[in-house]
>>> print(open('entry05.pdb').read())   # PDB, C-alpha atoms
ATOM      1  CA  MET A 376      42.797 -15.455 -67.851
ATOM      2  CA  SER A 377      42.571 -19.127 -68.656
ATOM      3  CA  GLU A 378      40.017 -21.225 -67.010
ATOM      4  CA  SER A 379      42.599 -23.271 -65.094
ATOM      5  CA  ALA A 380      44.182 -20.163 -63.506
ATOM      6  CA  PHE A 381      40.778 -18.964 -62.407
ATOM      7  CA  ARG A 382      40.114 -22.287 -60.838
ATOM      8  CA  ALA A 383      43.472 -22.215 -59.043
ATOM      9  CA  ILE A 384      42.656 -18.878 -57.415
ATOM     10  CA  THR A 385      39.303 -20.044 -56.318
ATOM     11  CA  ARG A 386      40.866 -23.118 -54.867
ATOM     12  CA  ARG A 387      43.460 -21.062 -52.985
ATOM     13  CA  ARG A 388      40.801 -18.750 -51.695
ATOM     14  CA  PHE A 389      38.803 -21.710 -50.656
ATOM     15  CA  VAL A 390      41.754 -23.176 -48.740
ATOM     16  CA  VAL A 391      42.453 -19.839 -47.026
ATOM     17  CA  THR A 392      38.839 -19.367 -46.051
ATOM     18  CA  VAL A 393      38.553 -22.856 -44.680
ATOM     19  CA  ALA A 394      41.799 -22.485 -42.737
ATOM     20  CA  ALA A 395      40.682 -19.184 -41.233
ATOM     21  CA  GLY A 396      37.303 -20.638 -40.452
ATOM     22  CA  SER A 397      38.691 -23.665 -38.689
ATOM     23  CA  ALA A 398      41.173 -21.506 -36.767
ATOM     24  CA  ALA A 399      38.291 -19.372 -35.563
ATOM     25  CA  ALA A 400      36.353 -22.483 -34.657
ATOM     26  CA  ALA A 401      39.379 -23.828 -32.797
ATOM     27  CA  ALA A 402      39.727 -20.532 -30.928
ATOM     28  CA  LEU A 403      36.054 -20.650 -30.025
ATOM     29  CA  THR A 404      36.282 -24.158 -28.683
ATOM     30  CA  LEU A 405      39.547 -23.371 -26.893
ATOM     31  CA  LEU A 406      38.169 -20.435 -24.965
ATOM     32  CA  PRO A 407      35.482 -22.210 -22.976
ATOM     33  CA  ASP A 408      37.757 -25.240 -22.869
ATOM     34  CA  ALA A 409      40.316 -23.756 -20.471
ATOM     35  CA  PRO A 410      38.010 -23.595 -17.417
ATOM     36  CA  ALA A 411      36.574 -26.965 -18.404
ATOM     37  CA  GLN A 412      40.077 -28.417 -18.350
ATOM     38  CA  ALA A 413      40.721 -26.931 -14.936
ATOM     39  CA  GLN A 414      37.426 -28.369 -13.730
ATOM     40  CA  GLU A 415      38.324 -31.750 -15.093
ATOM     41  CA  ALA A 416      41.698 -31.548 -13.338
ATOM     42  CA  SER A 417      40.114 -30.732  -9.984
ATOM     43  CA  LYS A 418      37.551 -33.495 -10.536
ATOM     44  CA  LYS A 419      40.354 -35.984 -11.160
ATOM     45  CA  LEU A 420      42.129 -34.730  -8.035
ATOM     46  CA  GLU A 421      38.929 -35.063  -5.979
ATOM     47  CA  ASP A 422      38.450 -38.602  -7.227
ATOM     48  CA  ALA A 423      42.034 -39.507  -6.402
ATOM     49  CA  ILE A 424      41.718 -38.007  -2.913
ATOM     50  CA  LYS A 425      38.443 -39.853  -2.349
ATOM     51  CA  LYS A 426      40.069 -43.098  -3.409
ATOM     52  CA  ALA A 427      42.910 -42.484  -0.962
ATOM     53  CA  ILE A 428      41.041 -41.375   2.157
ATOM     54  CA  GLY A 429      37.363 -42.114   1.495
ATOM     55  CA  ASP A 430      34.756 -39.598   2.605
ATOM     56  CA  LYS A 431      36.838 -38.046   5.380
ATOM     57  CA  GLN A 432      37.136 -34.294   5.384
ATOM     58  CA  PRO A 433      40.772 -33.215   5.603
ATOM     59  CA  ALA A 434      41.599 -30.475   8.103
ATOM     60  CA  ASP A 435      44.118 -27.742   7.403
ATOM     61  CA  GLY A 436      47.571 -29.149   8.026
ATOM     62  CA  ALA A 437      49.678 -26.152   7.038
ATOM     63  CA  GLY A 438      51.448 -25.957  10.424
ATOM     64  CA  VAL A 439      51.914 -29.719  10.818
ATOM     65  CA  ILE A 440      52.906 -30.904   7.357
ATOM     66  CA  ALA A 441      56.015 -29.400   5.849
ATOM     67  CA  LEU A 442      55.817 -29.863   2.108
ATOM     68  CA  ASP A 443      59.229 -29.267   0.628
ATOM     69  CA  VAL A 444      58.994 -28.435  -3.080
ATOM     70  CA  PRO A 445      60.768 -25.756  -5.093
ATOM     71  CA  GLN A 446      58.776 -22.637  -6.007
ATOM     72  CA  ILE A 447      60.193 -22.827  -9.490
ATOM     73  CA  ALA A 448      61.304 -26.051 -11.127
ATOM     74  CA  GLU A 449      63.325 -25.663 -14.289
ATOM     75  CA  ASN A 450      63.046 -29.273 -15.323
ATOM     76  CA  GLY A 451      59.688 -30.946 -14.804
ATOM     77  CA  ASN A 452      61.282 -34.359 -15.235
ATOM     78  CA  THR A 453      62.913 -34.356 -11.825
ATOM     79  CA  VAL A 454      61.370 -32.100  -9.240
ATOM     80  CA  PRO A 455      62.570 -32.718  -5.680
ATOM     81  CA  LEU A 456      59.724 -33.536  -3.326
ATOM     82  CA  GLY A 457      60.063 -33.811   0.420
ATOM     83  CA  ILE A 458      57.550 -34.076   3.223
ATOM     84  CA  ALA A 459      57.874 -33.982   6.967
ATOM     85  CA  VAL A 460      54.933 -34.356   9.322
ATOM     86  CA  GLU A 461      55.218 -33.392  12.963
ATOM     87  CA  SER A 462      54.354 -36.403  15.056
ATOM     88  CA  PRO A 463      55.693 -38.249  18.111
ATOM     89  CA  MET A 464      55.623 -41.470  16.020
ATOM     90  CA  ALA A 465      54.588 -43.413  19.139
ATOM     91  CA  ALA A 466      52.761 -46.745  18.945
ATOM     92  CA  ASP A 467      49.412 -45.053  19.631
ATOM     93  CA  ASN A 468      49.997 -41.787  17.788
ATOM     94  CA  TYR A 469      51.822 -41.777  14.488
ATOM     95  CA  VAL A 470      51.479 -40.794  10.864
ATOM     96  CA  LYS A 471      50.225 -43.776   8.878
ATOM     97  CA  THR A 472      50.334 -42.576   5.311
ATOM     98  CA  VAL A 473      51.164 -39.441   3.390
ATOM     99  CA  HIS A 474      49.515 -39.262  -0.036
ATOM    100  CA  LEU A 475      50.903 -36.847  -2.586
ATOM    101  CA  PHE A 476      49.067 -35.540  -5.624
ATOM    102  CA  ALA A 477      49.816 -33.179  -8.484
ATOM    103  CA  ASP A 478      46.608 -31.694  -9.893
ATOM    104  CA  GLY A 479      47.940 -30.757 -13.337
ATOM    105  CA  ASN A 480      49.469 -34.111 -14.320
ATOM    106  CA  PRO A 481      47.717 -36.541 -16.696
ATOM    107  CA  SER A 482      47.075 -38.667 -13.622
ATOM    108  CA  PRO A 483      47.134 -36.866 -10.258
ATOM    109  CA  GLY A 484      48.701 -39.586  -8.091
ATOM    110  CA  VAL A 485      52.399 -39.097  -7.304
ATOM    111  CA  ILE A 486      53.300 -41.351  -4.394
ATOM    112  CA  ALA A 487      52.045 -42.632  -1.056
ATOM    113  CA  PHE A 488      54.518 -43.028   1.814
ATOM    114  CA  HIS A 489      53.501 -45.554   4.478
ATOM    115  CA  PHE A 490      55.110 -45.011   7.858
ATOM    116  CA  THR A 491      55.166 -47.051  11.047
ATOM    117  CA  PRO A 492      56.185 -46.074  14.591
ATOM    118  CA  LYS A 493      59.533 -47.722  13.765
ATOM    119  CA  SER A 494      60.123 -45.144  11.034
ATOM    120  CA  GLY A 495      61.056 -42.827  13.891
ATOM    121  CA  LYS A 496      60.207 -39.748  11.825
ATOM    122  CA  ALA A 497      57.408 -39.107   9.333
ATOM    123  CA  GLU A 498      59.828 -37.721   6.828
ATOM    124  CA  ALA A 499      60.618 -38.870   3.299
ATOM    125  CA  ALA A 500      61.799 -37.512  -0.031
ATOM    126  CA  THR A 501      61.803 -38.475  -3.683
ATOM    127  CA  ARG A 502      61.801 -36.861  -7.136
ATOM    128  CA  MET A 503      58.720 -36.443  -9.283
ATOM    129  CA  ARG A 504      57.590 -35.456 -12.760
ATOM    130  CA  LEU A 505      55.382 -32.416 -13.270
ATOM    131  CA  ALA A 506      53.770 -31.799 -16.650
ATOM    132  CA  LYS A 507      53.266 -28.062 -16.083
ATOM    133  CA  THR A 508      52.887 -25.409 -13.400
ATOM    134  CA  GLN A 509      50.491 -26.805 -10.837
ATOM    135  CA  ASN A 510      49.652 -27.483  -7.199
ATOM    136  CA  VAL A 511      51.197 -30.309  -5.231
ATOM    137  CA  VAL A 512      48.814 -31.575  -2.564
ATOM    138  CA  ALA A 513      49.861 -33.545   0.522
ATOM    139  CA  LEU A 514      47.400 -35.494   2.668
ATOM    140  CA  ALA A 515      48.601 -36.980   5.947
ATOM    141  CA  GLU A 516      46.569 -39.789   7.448
ATOM    142  CA  MET A 517      47.132 -40.172  11.185
ATOM    143  CA  SER A 518      46.838 -43.377  13.200
ATOM    144  CA  ASP A 519      43.697 -42.008  14.902
ATOM    145  CA  GLY A 520      42.004 -41.537  11.514
ATOM    146  CA  LYS A 521      42.430 -37.775  11.286
ATOM    147  CA  VAL A 522      43.461 -36.403   7.906
ATOM    148  CA  LEU A 523      45.413 -33.204   7.371
ATOM    149  CA  MET A 524      46.008 -31.474   4.082
ATOM    150  CA  THR A 525      48.339 -28.859   2.711
ATOM    151  CA  LYS A 526      49.412 -27.757  -0.747
ATOM    152  CA  ALA A 527      52.034 -25.755  -2.576
ATOM    153  CA  GLU A 528      52.350 -24.401  -6.084
ATOM    154  CA  VAL A 529      55.309 -25.322  -8.256
ATOM    155  CA  LYS A 530      56.060 -23.284 -11.361
ATOM    156  CA  VAL A 531      57.465 -25.513 -14.063
ATOM    157  CA  THR A 532      59.607 -24.121 -16.871
ATOM    158  CA  ILE A 533      59.967 -27.296 -18.964
ATOM    159  CA  GLY A 534      57.283 -29.942 -18.501
ATOM    160  CA  GLY A 535      58.143 -33.503 -17.641
ATOM    161  CA  CYS A 536      55.758 -35.510 -19.804
ATOM    162  CA  GLY A 537      55.520 -36.284 -23.490
ATOM    163  CA  GLY A 538      58.621 -36.875 -25.546
TER     164      GLY A 538
ATOM    165  CA  MET B   2      68.152 -49.923 -19.455
ATOM    166  CA  ALA B   3      67.614 -53.496 -18.482
ATOM    167  CA  ASP B   4      70.077 -53.160 -15.647
ATOM    168  CA  HIS B   5      68.117 -52.354 -12.506
ATOM    169  CA  THR B   6      70.870 -51.973  -9.965
ATOM    170  CA  PRO B   7      69.741 -50.789  -6.570
ATOM    171  CA  ARG B   8      71.987 -48.454  -4.648
ATOM    172  CA  ILE B   9      71.486 -47.869  -0.940
ATOM    173  CA  ARG B  10      73.141 -45.683   1.639
ATOM    174  CA  VAL B  11      72.766 -46.894   5.204
ATOM    175  CA  PRO B  12      74.914 -45.955   8.212
ATOM    176  CA  LYS B  13      77.060 -48.907   9.342
ATOM    177  CA  LYS B  14      76.682 -48.132  13.024
ATOM    178  CA  ALA B  15      74.157 -46.388  15.185
ATOM    179  CA  ALA B  16      73.377 -45.985  18.865
ATOM    180  CA  LYS B  17      70.289 -47.629  20.303
ATOM    181  CA  GLY B  18      67.302 -45.338  19.835
ATOM    182  CA  ASP B  19      68.881 -43.374  16.980
ATOM    183  CA  VAL B  20      66.714 -42.366  14.067
ATOM    184  CA  VAL B  21      68.874 -42.771  10.971
ATOM    185  CA  GLU B  22      68.375 -41.639   7.401
ATOM    186  CA  ILE B  23      68.366 -44.177   4.592
ATOM    187  CA  LYS B  24      68.753 -43.233   0.947
ATOM    188  CA  THR B  25      67.939 -45.553  -1.923
ATOM    189  CA  LEU B  26      68.056 -45.315  -5.672
ATOM    190  CA  ILE B  27      67.396 -47.865  -8.384
ATOM    191  CA  SER B  28      68.115 -47.630 -12.102
ATOM    192  CA  HIS B  29      64.783 -47.822 -13.877
ATOM    193  CA  GLN B  30      63.300 -45.915 -16.795
ATOM    194  CA  MET B  31      59.892 -45.529 -15.058
ATOM    195  CA  GLU B  32      58.079 -45.549 -18.401
ATOM    196  CA  SER B  33      54.984 -43.498 -17.626
ATOM    197  CA  GLY B  34      52.584 -44.885 -20.229
ATOM    198  CA  GLN B  35      52.042 -41.303 -21.471
ATOM    199  CA  ARG B  36      54.851 -41.155 -24.002
ATOM    200  CA  LYS B  37      54.587 -42.084 -27.664
ATOM    201  CA  ASP B  38      57.237 -43.607 -29.890
ATOM    202  CA  LYS B  39      58.154 -42.313 -33.370
ATOM    203  CA  GLN B  40      55.258 -44.212 -34.932
ATOM    204  CA  GLY B  41      52.811 -42.499 -32.596
ATOM    205  CA  GLN B  42      52.172 -45.661 -30.607
ATOM    206  CA  VAL B  43      51.848 -45.249 -26.855
ATOM    207  CA  ILE B  44      54.800 -46.842 -25.071
ATOM    208  CA  PRO B  45      53.224 -49.119 -22.461
ATOM    209  CA  ARG B  46      53.615 -48.213 -18.808
ATOM    210  CA  GLU B  47      56.361 -49.966 -16.922
ATOM    211  CA  ILE B  48      57.324 -48.566 -13.558
ATOM    212  CA  ILE B  49      58.424 -49.631 -10.117
ATOM    213  CA  ASN B  50      55.088 -49.523  -8.315
ATOM    214  CA  LYS B  51      56.049 -50.534  -4.794
ATOM    215  CA  PHE B  52      58.997 -50.097  -2.479
ATOM    216  CA  THR B  53      59.342 -51.749   0.909
ATOM    217  CA  CYS B  54      61.920 -51.532   3.651
ATOM    218  CA  ALA B  55      61.797 -54.282   6.269
ATOM    219  CA  MET B  56      63.816 -54.256   9.487
ATOM    220  CA  ASN B  57      64.408 -57.649  11.115
ATOM    221  CA  GLY B  58      61.558 -59.047   9.037
ATOM    222  CA  GLU B  59      59.020 -56.345   9.837
ATOM    223  CA  THR B  60      57.990 -53.665   7.333
ATOM    224  CA  VAL B  61      58.959 -50.273   8.724
ATOM    225  CA  PHE B  62      58.476 -48.085   5.652
ATOM    226  CA  SER B  63      56.884 -48.583   2.265
ATOM    227  CA  ALA B  64      55.761 -46.478  -0.666
ATOM    228  CA  ASP B  65      53.311 -46.841  -3.558
ATOM    229  CA  LEU B  66      54.858 -45.238  -6.621
ATOM    230  CA  GLU B  67      52.893 -43.747  -9.505
ATOM    231  CA  PRO B  68      54.040 -42.878 -13.034
ATOM    232  CA  ALA B  69      54.679 -39.320 -11.785
ATOM    233  CA  ILE B  70      57.859 -40.505 -10.067
ATOM    234  CA  SER B  71      61.009 -39.613 -12.010
ATOM    235  CA  ALA B  72      63.227 -42.129 -13.775
ATOM    236  CA  ASN B  73      65.764 -43.854 -11.514
ATOM    237  CA  PRO B  74      63.479 -43.439  -8.502
ATOM    238  CA  TYR B  75      65.185 -41.998  -5.453
ATOM    239  CA  LEU B  76      63.742 -42.426  -2.000
ATOM    240  CA  SER B  77      64.987 -41.238   1.347
ATOM    241  CA  PHE B  78      63.348 -41.966   4.677
ATOM    242  CA  TYR B  79      64.172 -42.778   8.307
ATOM    243  CA  VAL B  80      64.205 -45.801  10.561
ATOM    244  CA  LYS B  81      64.497 -46.014  14.318
ATOM    245  CA  VAL B  82      67.286 -48.327  15.402
ATOM    246  CA  GLU B  83      66.390 -50.276  18.530
ATOM    247  CA  GLY B  84      69.050 -52.946  18.220
ATOM    248  CA  PRO B  85      71.207 -54.599  15.562
ATOM    249  CA  ALA B  86      69.174 -54.277  12.388
ATOM    250  CA  ASP B  87      68.957 -56.414   9.279
ATOM    251  CA  LEU B  88      67.428 -54.278   6.587
ATOM    252  CA  LYS B  89      65.875 -55.644   3.458
ATOM    253  CA  PHE B  90      64.828 -53.408   0.568
ATOM    254  CA  THR B  91      62.427 -54.551  -2.130
ATOM    255  CA  TRP B  92      61.351 -52.882  -5.350
ATOM    256  CA  VAL B  93      58.440 -54.329  -7.348
ATOM    257  CA  ASP B  94      58.282 -53.778 -11.105
ATOM    258  CA  ASP B  95      55.060 -53.614 -13.170
ATOM    259  CA  ASN B  96      56.376 -56.599 -15.136
ATOM    260  CA  GLY B  97      56.421 -58.709 -11.981
ATOM    261  CA  SER B  98      60.175 -58.576 -11.365
ATOM    262  CA  VAL B  99      61.364 -57.955  -7.836
ATOM    263  CA  TYR B 100      64.693 -56.287  -7.118
ATOM    264  CA  GLU B 101      66.277 -56.641  -3.692
ATOM    265  CA  ALA B 102      69.084 -55.243  -1.584
ATOM    266  CA  ASP B 103      70.248 -55.838   1.984
ATOM    267  CA  ALA B 104      72.091 -53.877   4.633
ATOM    268  CA  LYS B 105      73.024 -54.198   8.268
ATOM    269  CA  ILE B 106      73.243 -51.618  11.004
ATOM    270  CA  ALA B 107      75.416 -52.542  14.004
ATOM    271  CA  VAL B 108      74.597 -51.074  17.369
ATOM    272  CA  ALA B 109      77.549 -49.598  19.198
TER     273      ALA B 109
END
>>> encode(input="entry05.pdb", output="structure tokens")
Amino acid sequence: MSESAFRAITRRRFVVTVAAGSAAAAALTLLPDAPAQAQEASKKLEDAIKKAIGDKQPADGAGVIALDVPQIAENGNTVPLGIAVESPMAADNYVKTVHLFADGNPSPGVIAFHFTPKSGKAEAATRMRLAKTQNVVALAEMSDGKVLMTKAEVKVTIGGCGG
Amino acid sequence: MADHTPRIRVPKKAAKGDVVEIKTLISHQMESGQRKDKQGQVIPREIINKFTCAMNGETVFSADLEPAISANPYLSFYVKVEGPADLKFTWVDDNGSVYEADAKIAVA
């Protein structure tokens, strides 16, 4: 065996060892990273909600807010999103704003609909992007200052970010 | 994609007190600011960030749009017709441009 061949083997071994080592290191950092990512996502969502409604505590709005999203979205680039909030929409009792968030997107904000009594109905629809399977959160701010919240999970087959 | 044509669907006639559905769509790429080009450079964000619908000069519905809204943003919502209505729709772009459309609802 010539000296150069010997060196080549050592070099290959070295490369393999380093690759395996870094893969293991990556796996190690990935494992505790998953919950950390989820935590970061919920922190971002909390911040976004706080920015939208301040320190108010949202009540459960499951029976009042109808959040219309598909259970499974094949294409995360255009996911239909509809909301309808039960309200008389009278001058002294109406839905002011509905904030929508997606907790698994790079930035949780999706849209805010601002209604007036002349909207007639607190109902609106659009199409949104979802990066992955995640929760869509709706917050309805009433004219009397009350805030209601509801959420729904959307499973996304092909994410709608990147490219 | 420089052509930002708004399309709106509004009923021509309504009875007084009717709540009618309005559908709008505008051509816009809604660049999210998350994507990268082939050189790995982030493509800067450029979206429609605000939509407003005014009836007879008074805002009746508006929306704040985020990058999570799909390209060619579609919006549907309702207005209560209390008399002949002049509707004005406005879309505001990140780059400062404003796109507008008008419609009328006659009261039978």
>>> resolve_selection(input="entry05.pdb", expression="the PyMOL selection byres ((chain B and resi 64) around 10)", output="count of residues only")
21
>>> atom_distance(input="entry05.pdb", atom1="atom CA of Met524 of chain A", atom2="atom CA of Val512 of chain A")
7.2 Å
>>> resolve_selection(input="entry05.pdb", expression="the PyMOL selection byres ((chain A) within 10 of (chain B))", output="ChimeraX atom specification")
/A:451-459,471-477,480-506,535-538
>>> residues_near_point(input="entry05.pdb", point="(54.4, -31.0, 16.8)", cutoff="12 Å", atoms="all atoms listed in the file", output="ChimeraX atom specification")
/A:436-441,459-464,468-470,496-497
>>> resolve_selection(input="entry05.pdb", expression="the PyMOL selection byres ((chain B and resi 13) around 8)", output="list of chain:residue names")
B:Val11, B:Pro12, B:Lys14, B:Ala15, B:Lys105, B:Ile106, B:Ala107
>>> write_last_selection(input="entry05.pdb", atoms="C-alpha atoms", output="mmCIF file, in the frame of the given file")
data_model
loop_
_atom_site.group_PDB
_atom_site.id
_atom_site.type_symbol
_atom_site.label_atom_id
_atom_site.label_comp_id
_atom_site.auth_asym_id
_atom_site.auth_seq_id
_atom_site.Cartn_x
_atom_site.Cartn_y
_atom_site.Cartn_z
ATOM 1 C CA VAL B 11 72.766 -46.894 5.204
ATOM 2 C CA PRO B 12 74.914 -45.955 8.212
ATOM 3 C CA LYS B 14 76.682 -48.132 13.024
ATOM 4 C CA ALA B 15 74.157 -46.388 15.185
ATOM 5 C CA LYS B 105 73.024 -54.198 8.268
ATOM 6 C CA ILE B 106 73.243 -51.618 11.004
ATOM 7 C CA ALA B 107 75.416 -52.542 14.004
#
>>> atom_distance(input="entry05.pdb", atom1="atom CA of Arg46 of chain B", atom2="atom CA of Glu516 of chain A")
28.5 Å
>>> closest_residue(input="entry05.pdb", among="B:Gly58, B:Gly41, B:Ala16, B:Glu47", to="Ala109 of chain B", atoms="only C-alpha atoms")
B:Ala16
>>> atom_distance(input="entry05.pdb", atom1="atom CA of Lys419 of chain A", atom2="atom CA of Asn96 of chain B")
26.4 Å
>>> residues_near_point(input="entry05.pdb", point="(68.8, -59.0, 11.6)", cutoff="6 Å", atoms="all atoms listed in the file", output="PyMOL selection string")
chain B and resi 57+86-87
>>> closest_residue(input="entry05.pdb", among="A:Asp467, A:Gln412, A:Val444, A:Ser417", to="Gly520 of chain A", atoms="all atoms listed in the file")
A:Asp467
>>> closest_residue(input="entry05.pdb", among="A:Ile447, A:Ala411, A:Leu442, A:Val522", to="Asp430 of chain A", atoms="only C-alpha atoms")
A:Val522
>>> decode(input="entry05.pdb", residues="segment 63-78 of chain B", atoms="N, CA and C atoms", output="short mmCIF file (atom, residue, chain, number, x, y, z; two decimals), in the first residue's frame")
data_model
loop_
_atom_site.label_atom_id
_atom_site.label_comp_id
_atom_site.auth_asym_id
_atom_site.auth_seq_id
_atom_site.Cartn_x
_atom_site.Cartn_y
_atom_site.Cartn_z
N SER B 63 -64.24 47.10 6.20
CA SER B 63 -62.84 47.22 5.79
C SER B 63 -62.09 46.00 6.31
N ALA B 64 -60.90 45.79 5.78
CA ALA B 64 -60.10 44.65 6.21
C ALA B 64 -58.63 45.01 6.17
N ASP B 65 -57.88 44.52 7.17
CA ASP B 65 -56.42 44.66 7.18
C ASP B 65 -55.84 43.33 6.73
N LEU B 66 -55.16 43.33 5.61
CA LEU B 66 -54.64 42.08 5.05
C LEU B 66 -53.18 41.88 5.47
N GLU B 67 -52.84 40.62 5.71
CA GLU B 67 -51.47 40.25 6.07
C GLU B 67 -50.89 39.40 4.94
N PRO B 68 -49.57 39.14 5.00
CA PRO B 68 -48.98 38.32 3.93
C PRO B 68 -49.60 36.93 3.81
N ALA B 69 -50.34 36.49 4.82
CA ALA B 69 -50.95 35.15 4.77
C ALA B 69 -52.16 35.10 3.86
N ILE B 70 -52.52 36.22 3.23
CA ILE B 70 -53.65 36.19 2.30
C ILE B 70 -53.13 35.77 0.92
N SER B 71 -53.87 34.89 0.27
CA SER B 71 -53.43 34.31 -1.00
C SER B 71 -53.30 35.37 -2.10
N ALA B 72 -52.54 35.02 -3.13
CA ALA B 72 -52.41 35.88 -4.30
C ALA B 72 -53.80 36.13 -4.90
N ASN B 73 -53.95 37.25 -5.58
CA ASN B 73 -55.23 37.68 -6.13
C ASN B 73 -56.30 37.66 -5.03
N PRO B 74 -56.12 38.52 -4.03
CA PRO B 74 -56.99 38.44 -2.84
C PRO B 74 -58.47 38.59 -3.16
N TYR B 75 -59.21 37.63 -2.64
CA TYR B 75 -60.66 37.57 -2.81
C TYR B 75 -61.28 37.95 -1.48
N LEU B 76 -62.33 38.75 -1.54
CA LEU B 76 -63.03 39.11 -0.32
C LEU B 76 -64.52 39.09 -0.60
N SER B 77 -65.29 38.50 0.29
CA SER B 77 -66.73 38.63 0.17
C SER B 77 -67.26 39.08 1.52
N PHE B 78 -68.28 39.91 1.49
CA PHE B 78 -68.86 40.46 2.71
C PHE B 78 -70.26 40.97 2.38
#
